[in-house]
Amino acid sequence: MTTSPTGPADTAGRDAAPRRDQRPGTPDAGPASSRNRLVRRVPLPTSGPVARVLQVGLVVLPYLAAAALALVAALWTYQPWKFGSAIANPSGDNLAFHAWIQNIVETGWYETGERLAAPFAQNSHSYSVTDDLLFAFVGKVLVPLTGSVGAAVTAVVVLSFPLAAVTAVGLARSLRVGRVPAVLVGVAFAVLPDHFLRGTGGHIALAQTWVLPIGVVAAVTLVHRSPWRGRRLRLREAAVVVGLLSIGLVNAYYAVFVGILVAAAALGGWRLRGFRAVLVPTVVRVVALALPVGVTMWLDARWTPSPLGFASMAVTRSPADADIYGGKILAMLLPGSGHRVPALRALRQQYDATFPNPAEGPALGVVAAAGFLFLIVWSVVTLWSRAGSRRRPVLQTLAALTWVSLLAYTVGGIGQLWSFALDGGGLRAWSRMHVVIALLALLAVGTLLGRLRRRPLVQTGVVAALVAVALLDQTSGIYRPDPGTAKAVQAEVTDLTGRLEGLLPSGAMVYQYPDVSFPVALRTTGPASAYDGFLPYLYSSEDLRWSYGGLQGDPTADWQQALGQRPPAQQRELLTAAGFAAVLVDTATASSTPEDLAAMRAALGAPAVVSTSGRWEAYLLDEDRAACAADRTALADAALHPPLLYPGDGFGPIGNTIQGADGGELRVLTLQDGGWPRADLAFTLEAPAGGARVTWPDGSATDVAPGAHQVGWTGPLDGAETRIGVEVSGGDPTGVRAYGFTADVLDADADACLASAEAVPAAAP
């Protein structure tokens with residue numbers, strides 16, 4: 001028998017053929033005969049409303065069963081009724097996602113936060129994400145329904161589980177997987193360990209795994225000819241296109257993953273069905289995937305702030321990340337890092353500690369792992385089989401897509417090629433492809449269980465046992481956020497901001513100390529998380545504005561880094577002149593630099609408000625008690641519009657440094673209208689063995705010997721941008737680094753005034 005491109009329909013027809021031990025025309029003496037006798041004893045209607053209801057019930061039953069089990073697992077894990085309006089996991093990436101939803105509530109869209117990055121506003125367009133559909137659904141639909149951002153985000157996480165089960169069942173049924181095995185596919189896919197990790201850890205877009213079965217449908221329908229024709233076929237294609245558009249607007253990772261599957265399936269369809277049969281459907285699918293991503297990125301580029309030092313995405317992605325976050329085959333076959341069995345959890349922890357770069361802890365679960373191993377072995381055996389041997393089209397397609405997905409998942413595969421060719425390409429954690437591999441493996445398990453459909457009781461029992469195994473293996477109380485911690489944080493921060501609102505006028509600006517850059521913290525923040533600066537924003541009314549939340553690379557945020565280089569007393573004076581009404585000190589975030597924390601406390605005086613745990617201290621600033629009598633406008637401009645050093649051609653941002661291999665240009669940006677008539681610039685240049693030459697804006701040059709040396713220049717900065725040239729001598733591959741930039745734009749009297757303020761103790765509030 002040869003392989004047929006019609007796929008699932010052929011498989012179903014072959015499996016329905018009489019058994020070899022059964023004579024044609026004689027009744028089946030096996031389990032099916034018993035079932036037929038039972039049906040004759042209890043006649044069922046074959047026409048009329050009751051029959052139609054029964055038919056619909058049989059169709060929707062596997063969807064309802066899988067969705068119900070997945071929903072129960074999600075509710076058991078997250079227990080949303082215990083959190084109320086509190087943020088379930090008030091730390092890390094979860095806070096950034098909540099802040100974007102809060103932006104929608106207050107400004108209408110997530111990329112603008114008018115109460116963040118004070119005295120400016122958060123502009124997130126330089127950190128391009130494509131999750132617009134998800135943000136709109138949570139911010140525009142769920143927040144009004146639930147009454148709070150915290151409850152809305154918890155709701156979308158919980159809802160993602162039954163949605164994933166429903167789409168996975170739909171995919172399984174489209175491949176002619178039986179109704180009962182399809183329930184296993186839906187439940188096991190919905191409760192993958194990674195799904196819980198994303199929901200708890202704040203990667204809410206990655207928790208929307210329900211989009212992946214839609215993508216697999218788009219891929220396999222290129223390989224297998226549909227039995228539908230005419231209007232039904234057009235409706236199916238329209239549904240596929242709508243589904244693909246939604247993938248690109250939910251998560252860019254999943255859009256790329258599905259694009260890889262579609263490209264691979266197009267090759268298979270070309271081989272089996274011919275080039276013309278798959279050309280138009282393939283183009284339509286690729287456009288549907290790429291269009292929302294491309295439009296979103298174009299809009300971000302259109303609304304990116306100007307002047308801009310660099311896109312903040314540049315500091316979060318590196319081509320080398322494909323190695324760090326690429327997957328390993330054994331890693332996804334092992335138990336999850338949060339497994340309920342301590343011994344299995346310890347086994348995973350031992351593996352992650354033994355082998356470097358454990359990525360993000362990928363785990364298929366035991367059922368999907370068995371399906372994956374079967375597909376790998378089966379495909380190899382099939383390749384070695386004699387021509388004309390029996391082949392199964394659905395398993396062939398699943399095996400082929402699994403191999404392609406494996407090439408994307410593993411270190412040194414498609415992910416590394418993508419990163420190398422596209423300089424990172426915006427994606428780094430290719431181990432996330434294991435979710436696609438799990439789905440394909442579960443479909444293989446469901447297909448194999450179809451061989452038991454002549455024995456429905458046995459099939460149901462096996463499926464029930466495997467569902468129980470999947471639920472026990474893949475769910476765990478470890479994934480459950482702590483409602484006590486969540487509510488305690490909510491109560492403390494709400495009380496803190498409420499008392500502060502009572503002391504400050506409406507619209508007052510609060511500076512958050514210490515300065516923590518976003519989205520990548522350039523200082524140690526432990527024991528606090530890097531994004532804890534969003535907490536006062538999330539748990540306060542619209543009366544106060546907060547300094548945290550501006551994006552790296554944007555001068556409207558990076559002025560705080562320049563301010564932080566000054567002594568605390570000077571920071572106090574400059575912040576007062578800039579219009580800030582208070583300083584909120586996060587002692588947990590500042591605990592890594594205790595000397596700086598002590599100096600800031602001494603400069604600010606006695607706190608006006610202290611949070612219930614003592615973590616946050618709020619100090620009032622009063623213009624009338626300022627110690628420096630210099631021109632307030634000049635001080636404010638120096639604080640908010642300082643010259644800042646950014647990479648130009650040939651350089652890039654690496655942490656707190658700017659690095660380049662062959663030299664190039666450095667850029668000095670300022671928000672000061674017309675620039676500065678005089679600026680004293682200085683920074684450290686680390687030159688390679690051949691030395692370097694710095695060419696200043698006025699054409700003068702400074703030769704720099706090998707090693708780290710401070711270089712400086714004094715002169716006018718005309719306009720928003722000034723360029724500094726750097727030439728590397730000798731072609732040394734180690735390149736050149738610049739760091740420690742400072743700029744003084746005040747006159748001598750203002751500098752003396754600020755210096756004298758350091759000797760004046762802070763006035764009592």
# chains A, B, ... in the order shown; residues from 1 in each chain; ligands from 1
$ residues_around --residues "A:Leu261" --least-positions-apart "6" --cutoff "9 Å" --atoms "only C-alpha atoms" --output "list in words"
Gly215, Val216, Ala218, Ala219, Val220, Leu401, Val404 and Ser405 of chain A
$ residues_around --residues "A:Leu289" --least-positions-apart "5" --cutoff "10 Å" --atoms "only C-alpha atoms" --output "list in words"
Gly215, Val241, Val242, Gly243, Leu244, Leu245, Ser246, Ile247, Gly248, Leu249, Ala252, Tyr254, Ala255, Val256, Val258, Gly259, Val262, Val283, Val284 and Gly294 of chain A
$ closest_residue --among "A:Gly446, A:Gly199, A:Pro144, A:Pro567" --to "A:Val185" --atoms "only C-alpha atoms"
A:Gly446
$ select_by_dssp --residues "stretch 294-535 of chain A" --states "helix (DSSP H, G or I)" --output "VMD selection string"
chain A and resid 294 to 303 312 to 315 321 to 324 329 to 333 342 to 354 366 to 384 393 to 409 414 to 421 430 to 452 456 to 474 477 to 479 483 to 503 532 to 535
$ atom_distance --atom1 "atom CA of A:Val435" --atom2 "atom CA of A:Pro362"
8.3 Å
$ atom_distance --atom1 "atom CA of A:Pro643" --atom2 "atom CA of A:Glu721"
9.1 Å
$ select_by_dssp --residues "stretch 480-532 of chain A" --states "strand (DSSP E or B)" --output "JSON, numbers by chain"
{"A": [508, 509, 510, 511, 512, 513, 518]}
$ write_last_selection --atoms "N, CA and C atoms" --output "PDB file, in the first residue's frame"
ATOM      1  N   ALA A 508       1.029  65.134  42.143  1.00  0.00           N
ATOM      2  CA  ALA A 508       2.394  65.290  42.632  1.00  0.00           C
ATOM      3  C   ALA A 508       3.289  64.168  42.101  1.00  0.00           C
ATOM      4  N   MET A 509       4.566  64.503  41.900  1.00  0.00           N
ATOM      5  CA  MET A 509       5.535  63.544  41.390  1.00  0.00           C
ATOM      6  C   MET A 509       6.366  62.989  42.545  1.00  0.00           C
ATOM      7  N   VAL A 510       6.580  61.665  42.518  1.00  0.00           N
ATOM      8  CA  VAL A 510       7.363  60.979  43.543  1.00  0.00           C
ATOM      9  C   VAL A 510       8.547  60.307  42.862  1.00  0.00           C
ATOM     10  N   TYR A 511       9.750  60.645  43.332  1.00  0.00           N
ATOM     11  CA  TYR A 511      10.951  60.024  42.796  1.00  0.00           C
ATOM     12  C   TYR A 511      11.225  58.740  43.568  1.00  0.00           C
ATOM     13  N   GLN A 512      11.483  57.647  42.829  1.00  0.00           N
ATOM     14  CA  GLN A 512      11.703  56.351  43.463  1.00  0.00           C
ATOM     15  C   GLN A 512      13.196  56.046  43.519  1.00  0.00           C
ATOM     16  N   TYR A 513      13.676  55.903  44.735  1.00  0.00           N
ATOM     17  CA  TYR A 513      15.089  55.617  44.980  1.00  0.00           C
ATOM     18  C   TYR A 513      15.213  54.184  45.505  1.00  0.00           C
ATOM     19  N   PHE A 518      14.739  49.943  33.437  1.00  0.00           N
ATOM     20  CA  PHE A 518      13.737  49.017  32.928  1.00  0.00           C
ATOM     21  C   PHE A 518      13.856  48.979  31.402  1.00  0.00           C
TER      22      PHE A 518
END
$ residues_around --residues "A:Asp649" --least-positions-apart "2" --cutoff "12 Å" --atoms "only C-alpha atoms" --output "list of chain:residue names"
A:Gly309, A:Phe310, A:Tyr646, A:Pro647, A:Phe651, A:Gly652, A:Pro653, A:Ile658, A:Gln659, A:Gly660, A:Ala661, A:Asp662, A:Gly663, A:Gly664, A:Glu665, A:Leu666, A:Arg667, A:Arg723, A:Ile724, A:Gly725, A:Val726, A:Glu727
$ residues_around --residues "A:Leu347" --least-positions-apart "3" --cutoff "9 Å" --atoms "only C-alpha atoms" --output "short mmCIF file (atom, residue, chain, number, x, y, z; two decimals) with N, CA and C atoms, in the first residue's frame"
data_model
loop_
_atom_site.label_atom_id
_atom_site.label_comp_id
_atom_site.auth_asym_id
_atom_site.auth_seq_id
_atom_site.Cartn_x
_atom_site.Cartn_y
_atom_site.Cartn_z
N LEU A 334 12.68 14.91 31.11
CA LEU A 334 12.72 14.77 32.56
C LEU A 334 11.48 15.39 33.20
N PRO A 335 11.22 15.09 34.48
CA PRO A 335 10.08 15.71 35.16
C PRO A 335 10.23 17.22 35.23
N SER A 337 10.30 21.05 36.81
CA SER A 337 10.99 21.57 37.99
C SER A 337 10.07 21.74 39.18
N PRO A 342 8.63 14.73 45.39
CA PRO A 342 9.93 15.33 45.75
C PRO A 342 11.12 14.66 45.08
N ALA A 343 11.10 13.33 44.96
CA ALA A 343 12.24 12.64 44.37
C ALA A 343 12.41 13.02 42.90
N LEU A 344 11.29 13.12 42.18
CA LEU A 344 11.37 13.51 40.77
C LEU A 344 11.76 14.98 40.62
N GLN A 350 18.80 18.29 40.11
CA GLN A 350 20.16 17.78 39.97
C GLN A 350 20.64 17.92 38.53
N TYR A 351 19.76 17.62 37.58
CA TYR A 351 20.13 17.75 36.17
C TYR A 351 20.43 19.21 35.83
N ASP A 352 19.55 20.11 36.25
CA ASP A 352 19.75 21.53 35.93
C ASP A 352 21.02 22.07 36.56
#
